[in-house]
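data-v6.csv follows; it contains CSV, N, CA and C atoms.
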```csv
chain,number,residue,atom,x,y,z
A,1,MET,N,0.8,-1.2,0.0
A,1,MET,CA,0.0,0.0,0.0
A,1,MET,C,0.9,1.2,0.0
A,2,TYR,N,0.6,2.2,-0.8
A,2,TYR,CA,1.3,3.4,-0.9
A,2,TYR,C,0.8,4.4,0.1
A,3,ASN,N,1.4,4.4,1.3
A,3,ASN,CA,0.8,5.2,2.4
A,3,ASN,C,1.8,6.2,2.9
A,4,HIS,N,2.9,6.6,2.1
A,4,HIS,CA,3.8,7.6,2.5
A,4,HIS,C,3.9,8.6,1.3
A,5,GLU,N,4.3,9.8,1.6
A,5,GLU,CA,4.6,10.8,0.6
A,5,GLU,C,6.0,11.0,0.4
A,6,LEU,N,6.5,11.0,-0.9
A,6,LEU,CA,7.9,11.2,-1.2
A,6,LEU,C,7.9,12.4,-2.2
A,7,THR,N,8.9,13.3,-2.1
A,7,THR,CA,9.1,14.4,-3.0
A,7,THR,C,10.3,14.0,-3.9
A,8,LEU,N,10.0,14.0,-5.2
A,8,LEU,CA,11.0,13.8,-6.2
A,8,LEU,C,11.6,15.1,-6.6
A,9,ILE,N,12.9,15.3,-6.6
A,9,ILE,CA,13.5,16.6,-6.9
A,9,ILE,C,14.4,16.5,-8.1
A,10,SER,N,14.1,17.3,-9.1
A,10,SER,CA,14.9,17.4,-10.3
A,10,SER,C,15.5,18.8,-10.4
A,11,GLU,N,16.6,19.0,-11.0
A,11,GLU,CA,17.2,20.3,-11.1
A,11,GLU,C,17.2,20.7,-12.6
A,12,GLU,N,16.8,21.9,-12.8
A,12,GLU,CA,16.7,22.4,-14.2
A,12,GLU,C,17.5,23.7,-14.3
A,13,VAL,N,18.2,23.9,-15.4
A,13,VAL,CA,19.0,25.1,-15.5
A,13,VAL,C,18.2,26.1,-16.4
A,14,ILE,N,17.9,27.3,-16.0
A,14,ILE,CA,17.3,28.3,-16.8
A,14,ILE,C,18.3,29.5,-16.9
A,15,TYR,N,18.0,30.3,-17.9
A,15,TYR,CA,18.9,31.4,-18.2
A,15,TYR,C,18.1,32.7,-18.1
A,16,ASP,N,18.7,33.7,-17.4
A,16,ASP,CA,18.1,34.9,-17.3
A,16,ASP,C,18.3,35.8,-18.5
A,17,GLU,N,17.8,37.0,-18.5
A,17,GLU,CA,17.8,37.8,-19.7
A,17,GLU,C,19.3,38.2,-20.2
A,18,TYR,N,20.2,38.0,-19.3
A,18,TYR,CA,21.6,38.2,-19.6
A,18,TYR,C,22.4,37.0,-20.0
A,19,GLY,N,21.7,35.8,-20.0
A,19,GLY,CA,22.3,34.6,-20.4
A,19,GLY,C,23.0,33.9,-19.2
A,20,ILE,N,22.8,34.3,-18.0
A,20,ILE,CA,23.4,33.7,-16.9
A,20,ILE,C,22.6,32.5,-16.4
A,21,PRO,N,23.2,31.4,-16.3
A,21,PRO,CA,22.5,30.2,-15.9
A,21,PRO,C,22.1,30.2,-14.4
A,22,LYS,N,21.0,29.7,-14.1
A,22,LYS,CA,20.5,29.6,-12.7
A,22,LYS,C,19.8,28.2,-12.5
A,23,GLU,N,20.2,27.5,-11.5
A,23,GLU,CA,19.6,26.2,-11.2
A,23,GLU,C,18.4,26.4,-10.4
A,24,ILE,N,17.3,25.7,-10.8
A,24,ILE,CA,16.1,25.7,-10.0
A,24,ILE,C,15.7,24.3,-9.7
A,25,GLU,N,15.0,24.0,-8.6
A,25,GLU,CA,14.5,22.7,-8.3
A,25,GLU,C,13.1,22.6,-8.7
A,26,LYS,N,12.8,21.5,-9.3
A,26,LYS,CA,11.4,21.2,-9.6
A,26,LYS,C,11.0,20.0,-8.6
A,27,ARG,N,9.9,20.2,-7.9
A,27,ARG,CA,9.5,19.2,-6.9
A,27,ARG,C,8.2,18.6,-7.3
A,28,THR,N,8.1,17.2,-7.2
A,28,THR,CA,6.9,16.5,-7.5
A,28,THR,C,6.6,15.6,-6.4
A,29,ASN,N,5.4,15.7,-5.8
A,29,ASN,CA,5.0,14.8,-4.7
A,29,ASN,C,4.3,13.6,-5.2
A,30,VAL,N,4.8,12.4,-4.7
A,30,VAL,CA,4.2,11.1,-5.2
A,30,VAL,C,3.9,10.3,-3.9
A,31,LEU,N,3.1,9.3,-4.0
A,31,LEU,CA,2.9,8.3,-2.9
A,31,LEU,C,3.9,7.2,-3.1
A,32,CYS,N,4.3,6.6,-2.0
A,32,CYS,CA,5.3,5.6,-2.1
A,32,CYS,C,5.1,4.5,-0.9
A,33,LYS,N,5.8,3.4,-1.1
A,33,LYS,CA,6.0,2.4,-0.1
A,33,LYS,C,7.4,2.6,0.4
A,34,VAL,N,7.7,2.3,1.7
A,34,VAL,CA,9.0,2.4,2.2
A,34,VAL,C,9.5,1.0,2.7
A,35,LYS,N,10.7,0.7,2.3
A,35,LYS,CA,11.3,-0.7,2.6
A,35,LYS,C,12.7,-0.5,3.1
A,36,SER,N,13.1,-1.4,4.0
A,36,SER,CA,14.5,-1.4,4.5
A,36,SER,C,15.4,-1.9,3.4
A,37,VAL,N,16.7,-1.5,3.5
A,37,VAL,CA,17.7,-2.0,2.6
A,37,VAL,C,18.1,-3.4,3.1
A,38,GLY,N,18.2,-4.4,2.2
A,38,GLY,CA,18.6,-5.7,2.6
A,38,GLY,C,20.0,-5.8,3.1
A,39,ARG,N,20.3,-6.7,3.9
A,39,ARG,CA,21.7,-6.9,4.5
A,39,ARG,C,22.7,-7.1,3.4
A,40,ASN,N,22.5,-8.0,2.4
A,40,ASN,CA,23.4,-8.2,1.3
A,40,ASN,C,23.7,-6.9,0.5
A,41,GLU,N,22.6,-6.2,0.2
A,41,GLU,CA,22.7,-5.0,-0.6
A,41,GLU,C,23.5,-3.9,0.2
A,42,PHE,N,23.2,-3.8,1.5
A,42,PHE,CA,23.9,-2.9,2.3
A,42,PHE,C,25.4,-3.1,2.4
A,43,TYR,N,25.8,-4.3,2.6
A,43,TYR,CA,27.2,-4.6,2.7
A,43,TYR,C,27.9,-4.6,1.4
A,44,GLY,N,27.2,-5.0,0.4
A,44,GLY,CA,27.8,-5.0,-1.0
A,44,GLY,C,28.0,-3.5,-1.4
A,45,ALA,N,27.1,-2.6,-1.1
A,45,ALA,CA,27.3,-1.2,-1.5
A,45,ALA,C,28.4,-0.6,-0.7
A,46,ALA,N,28.5,-1.0,0.6
A,46,ALA,CA,29.5,-0.4,1.4
A,46,ALA,C,30.9,-0.6,0.9
A,47,THR,N,31.2,-1.7,0.2
A,47,THR,CA,32.5,-2.0,-0.4
A,47,THR,C,32.8,-1.0,-1.5
A,48,SER,N,31.8,-0.3,-2.1
A,48,SER,CA,31.9,0.7,-3.1
A,48,SER,C,31.9,2.1,-2.5
A,49,GLY,N,31.8,2.2,-1.2
A,49,GLY,CA,31.7,3.5,-0.6
A,49,GLY,C,30.3,4.1,-0.5
A,50,LEU,N,29.3,3.3,-0.9
A,50,LEU,CA,27.9,3.8,-0.8
A,50,LEU,C,27.3,3.4,0.5
A,51,LYS,N,26.3,4.2,1.0
A,51,LYS,CA,25.7,3.9,2.3
A,51,LYS,C,24.2,3.9,2.1
A,52,PRO,N,23.6,2.9,1.5
A,52,PRO,CA,22.2,2.8,1.3
A,52,PRO,C,21.4,2.8,2.6
A,53,GLU,N,20.4,3.6,2.7
A,53,GLU,CA,19.6,3.6,4.0
A,53,GLU,C,18.2,3.2,3.9
A,54,VAL,N,17.6,3.4,2.7
A,54,VAL,CA,16.2,3.2,2.6
A,54,VAL,C,15.8,2.9,1.1
A,55,VAL,N,14.8,2.2,0.9
A,55,VAL,CA,14.3,1.9,-0.5
A,55,VAL,C,12.8,2.5,-0.5
A,56,PHE,N,12.6,3.3,-1.5
A,56,PHE,CA,11.3,3.8,-1.8
A,56,PHE,C,10.7,3.1,-3.0
A,57,ILE,N,9.5,2.7,-3.0
A,57,ILE,CA,8.8,2.0,-4.1
A,57,ILE,C,7.7,3.0,-4.6
A,58,ILE,N,7.8,3.3,-5.9
A,58,ILE,CA,6.8,4.2,-6.5
A,58,ILE,C,6.4,3.6,-7.8
A,59,HIS,N,5.3,4.3,-8.4
A,59,HIS,CA,4.9,3.9,-9.7
A,59,HIS,C,6.0,4.3,-10.7
A,60,GLY,N,6.3,3.4,-11.6
A,60,GLY,CA,7.4,3.7,-12.6
A,60,GLY,C,7.1,4.9,-13.5
A,61,TYR,N,5.8,5.1,-13.8
A,61,TYR,CA,5.5,6.2,-14.7
A,61,TYR,C,5.6,7.5,-14.1
A,62,GLU,N,5.8,7.6,-12.7
A,62,GLU,CA,6.0,8.8,-12.0
A,62,GLU,C,7.5,9.2,-11.9
A,63,TYR,N,8.4,8.3,-12.2
A,63,TYR,CA,9.8,8.6,-12.1
A,63,TYR,C,10.4,9.0,-13.4
A,64,ASN,N,11.1,10.1,-13.4
A,64,ASN,CA,11.7,10.7,-14.6
A,64,ASN,C,13.2,10.9,-14.4
A,65,GLY,N,13.9,9.9,-13.7
A,65,GLY,CA,15.3,10.0,-13.6
A,65,GLY,C,15.8,11.0,-12.5
A,66,GLU,N,15.0,11.4,-11.6
A,66,GLU,CA,15.4,12.3,-10.5
A,66,GLU,C,16.5,11.7,-9.7
A,67,LYS,N,17.5,12.5,-9.3
A,67,LYS,CA,18.6,12.0,-8.5
A,67,LYS,C,18.5,12.3,-7.1
A,68,LYS,N,17.6,13.2,-6.7
A,68,LYS,CA,17.4,13.6,-5.3
A,68,LYS,C,15.9,13.4,-4.9
A,69,VAL,N,15.7,13.0,-3.7
A,69,VAL,CA,14.3,12.9,-3.1
A,69,VAL,C,14.3,13.5,-1.7
A,70,GLU,N,13.1,13.8,-1.2
A,70,GLU,CA,13.0,14.2,0.1
A,70,GLU,C,11.9,13.4,0.8
A,71,PHE,N,12.1,12.9,2.0
A,71,PHE,CA,11.2,12.1,2.7
A,71,PHE,C,11.2,12.5,4.2
A,72,GLU,N,10.1,12.9,4.7
A,72,GLU,CA,10.0,13.3,6.1
A,72,GLU,C,11.1,14.3,6.5
A,73,ASN,N,11.2,15.4,5.7
A,73,ASN,CA,12.1,16.5,5.8
A,73,ASN,C,13.6,16.1,5.8
A,74,LYS,N,13.9,15.0,5.2
A,74,LYS,CA,15.3,14.6,5.1
A,74,LYS,C,15.5,14.4,3.6
A,75,LYS,N,16.7,14.9,3.1
A,75,LYS,CA,17.1,14.7,1.7
A,75,LYS,C,17.9,13.5,1.5
A,76,TYR,N,17.6,12.8,0.4
A,76,TYR,CA,18.4,11.6,0.0
A,76,TYR,C,18.8,11.7,-1.4
A,77,ARG,N,19.9,10.9,-1.7
A,77,ARG,CA,20.4,10.8,-3.1
A,77,ARG,C,20.1,9.4,-3.6
A,78,VAL,N,19.5,9.3,-4.8
A,78,VAL,CA,19.2,8.0,-5.4
A,78,VAL,C,20.5,7.4,-5.9
A,79,ILE,N,20.8,6.2,-5.4
A,79,ILE,CA,22.1,5.6,-5.8
A,79,ILE,C,21.8,4.4,-6.7
A,80,ARG,N,20.6,3.9,-6.8
A,80,ARG,CA,20.2,2.8,-7.7
A,80,ARG,C,18.7,2.8,-7.9
A,81,THR,N,18.4,2.4,-9.1
A,81,THR,CA,16.9,2.1,-9.4
A,81,THR,C,16.8,0.7,-9.9
A,82,TYR,N,15.6,0.1,-9.6
A,82,TYR,CA,15.4,-1.2,-10.0
A,82,TYR,C,13.9,-1.4,-10.3
A,83,SER,N,13.6,-1.8,-11.5
A,83,SER,CA,12.2,-2.0,-11.9
A,83,SER,C,11.8,-3.4,-11.5
A,84,THR,N,10.8,-3.5,-10.6
A,84,THR,CA,10.4,-4.8,-10.1
A,84,THR,C,9.4,-5.4,-11.1
A,85,ASP,N,8.6,-4.6,-11.8
A,85,ASP,CA,7.7,-5.0,-12.8
A,85,ASP,C,7.4,-3.8,-13.6
A,86,PHE,N,6.4,-3.9,-14.5
A,86,PHE,CA,6.1,-2.8,-15.4
A,86,PHE,C,5.4,-1.6,-14.7
A,87,GLU,N,5.0,-1.8,-13.4
A,87,GLU,CA,4.3,-0.8,-12.7
A,87,GLU,C,5.1,-0.1,-11.6
A,88,GLU,N,6.1,-0.8,-11.0
A,88,GLU,CA,6.8,-0.3,-9.9
A,88,GLU,C,8.3,-0.2,-10.1
A,89,ILE,N,8.9,0.8,-9.5
A,89,ILE,CA,10.3,1.0,-9.5
A,89,ILE,C,10.8,1.2,-8.1
A,90,GLU,N,11.9,0.6,-7.7
A,90,GLU,CA,12.5,0.8,-6.4
A,90,GLU,C,13.6,1.8,-6.5
A,91,LEU,N,13.6,2.8,-5.6
A,91,LEU,CA,14.7,3.8,-5.5
A,91,LEU,C,15.5,3.5,-4.3
A,92,THR,N,16.7,3.0,-4.4
A,92,THR,CA,17.6,2.8,-3.3
A,92,THR,C,18.3,4.1,-3.0
A,93,CYS,N,18.3,4.6,-1.8
A,93,CYS,CA,18.8,6.0,-1.5
A,93,CYS,C,19.7,6.0,-0.3
A,94,GLU,N,20.6,7.0,-0.3
A,94,GLU,CA,21.4,7.3,0.9
A,94,GLU,C,21.2,8.7,1.2
A,95,ARG,N,21.5,9.0,2.5
A,95,ARG,CA,21.3,10.4,3.0
A,95,ARG,C,22.3,11.3,2.2
A,96,GLY,N,21.8,12.5,1.9
A,96,GLY,CA,22.7,13.4,1.2
A,96,GLY,C,22.1,14.6,0.9
```
Final structure tokens representation of the file:
Amino acid sequence: MYNHELTLISEEVIYDEYGIPKEIEKRTNVLCKVKSVGRNEFYGAATSGLKPEVVFIIHGYEYNGEKKVEFENKKYRVIRTYSTDFEEIELTCERG
């Protein structure tokens, strides 16, 4: 059951009237499931210097390659995605 809210954050570069680039965040709220990171995945990622903390499961059609998310006022970085089927995608994230 999708009973949590997750904010997907994408960054877009816009240019002002003088051609100076400015990064803006685009935020999209979606519903999600929350899952713990498995032991094997946690230790496997640690050997590569990654620290996965949580897995968010959302509808695949809502995800557009965002690299940052926010959940319960904490920002995370997406370190891996995995499509479980044609409807859902898992976002493995670390604090960042």
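You will find atom CA of A:Tyr61 at 24.1 Å from atom CA of A:Arg95.
All residues of protein, DNA or RNA that reach within 9 Å of A:Glu66, judged by only C-alpha atoms and not counting those fewer than 3 positions away in the chain, are Leu8, Ile9, Ser10, Glu11, Tyr63, Val69 and Val78 of chain A.
A distance cut-off of 8 Å around (7.1, 14.1, -3.3), counting all atoms listed in the file, selects these protein and nucleic acid residues: His4, Glu5, Leu6, Thr7, Leu8, Ile9, Arg27, Thr28, Asn29, Val30, Leu31, Val69, Glu70 and Phe71 of chain A.
One distance worth recording is that between atom CA of A:Glu23 and atom CA of A:Thr92, which is 24.8 Å.
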Selection: 12 Å around A:Gly60, only C-alpha atoms, excl. self and same-chain fewer than 6 positions, as a VMD selection string | chain A and resid 30 to 32 66 81 to 91
Please produce a file of the residues just selected, as an mmCIF file, in the frame of the given file, where the atoms kept are N, CA and C atoms.
```
data_model
loop_
_atom_site.group_PDB
_atom_site.id
_atom_site.type_symbol
_atom_site.label_atom_id
_atom_site.label_comp_id
_atom_site.auth_asym_id
_atom_site.auth_seq_id
_atom_site.Cartn_x
_atom_site.Cartn_y
_atom_site.Cartn_z
ATOM 1 N N VAL A 30 4.800 12.400 -4.700
ATOM 2 C CA VAL A 30 4.200 11.100 -5.200
ATOM 3 C C VAL A 30 3.900 10.300 -3.900
ATOM 4 N N LEU A 31 3.100 9.300 -4.000
ATOM 5 C CA LEU A 31 2.900 8.300 -2.900
ATOM 6 C C LEU A 31 3.900 7.200 -3.100
ATOM 7 N N CYS A 32 4.300 6.600 -2.000
ATOM 8 C CA CYS A 32 5.300 5.600 -2.100
ATOM 9 C C CYS A 32 5.100 4.500 -0.900
ATOM 10 N N GLU A 66 15.000 11.400 -11.600
ATOM 11 C CA GLU A 66 15.400 12.300 -10.500
ATOM 12 C C GLU A 66 16.500 11.700 -9.700
ATOM 13 N N THR A 81 18.400 2.400 -9.100
ATOM 14 C CA THR A 81 16.900 2.100 -9.400
ATOM 15 C C THR A 81 16.800 0.700 -9.900
ATOM 16 N N TYR A 82 15.600 0.100 -9.600
ATOM 17 C CA TYR A 82 15.400 -1.200 -10.000
ATOM 18 C C TYR A 82 13.900 -1.400 -10.300
ATOM 19 N N SER A 83 13.600 -1.800 -11.500
ATOM 20 C CA SER A 83 12.200 -2.000 -11.900
ATOM 21 C C SER A 83 11.800 -3.400 -11.500
ATOM 22 N N THR A 84 10.800 -3.500 -10.600
ATOM 23 C CA THR A 84 10.400 -4.800 -10.100
ATOM 24 C C THR A 84 9.400 -5.400 -11.100
ATOM 25 N N ASP A 85 8.600 -4.600 -11.800
ATOM 26 C CA ASP A 85 7.700 -5.000 -12.800
ATOM 27 C C ASP A 85 7.400 -3.800 -13.600
ATOM 28 N N PHE A 86 6.400 -3.900 -14.500
ATOM 29 C CA PHE A 86 6.100 -2.800 -15.400
ATOM 30 C C PHE A 86 5.400 -1.600 -14.700
ATOM 31 N N GLU A 87 5.000 -1.800 -13.400
ATOM 32 C CA GLU A 87 4.300 -0.800 -12.700
ATOM 33 C C GLU A 87 5.100 -0.100 -11.600
ATOM 34 N N GLU A 88 6.100 -0.800 -11.000
ATOM 35 C CA GLU A 88 6.800 -0.300 -9.900
ATOM 36 C C GLU A 88 8.300 -0.200 -10.100
ATOM 37 N N ILE A 89 8.900 0.800 -9.500
ATOM 38 C CA ILE A 89 10.300 1.000 -9.500
ATOM 39 C C ILE A 89 10.800 1.200 -8.100
ATOM 40 N N GLU A 90 11.900 0.600 -7.700
ATOM 41 C CA GLU A 90 12.500 0.800 -6.400
ATOM 42 C C GLU A 90 13.600 1.800 -6.500
ATOM 43 N N LEU A 91 13.600 2.800 -5.600
ATOM 44 C CA LEU A 91 14.700 3.800 -5.500
ATOM 45 C C LEU A 91 15.500 3.500 -4.300
#
```
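The residue that comes closest to A:Ile79, out of A:Leu50, A:Met1, A:Val13, A:Ile57 and on the basis of only C-alpha atoms, is A:Leu50.
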Between atom N of A:Arg77 and atom C of A:Asn3 lies a distance of 19.3 Å
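Among A:Lys33, A:Glu72, A:Asp16, A:Gly96, the residue with the shortest atom-to-atom distance to A:His59, counting only N, CA and C atoms, is A:Lys33.
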Would you please give, as a VMD selection string, all residues of chain A that DSSP assigns to strand (DSSP E or B) based on the backbone?
-> chain A and resid 4 to 15 21 to 36 54 to 59 68 to 71 74 to 83 88 to 95
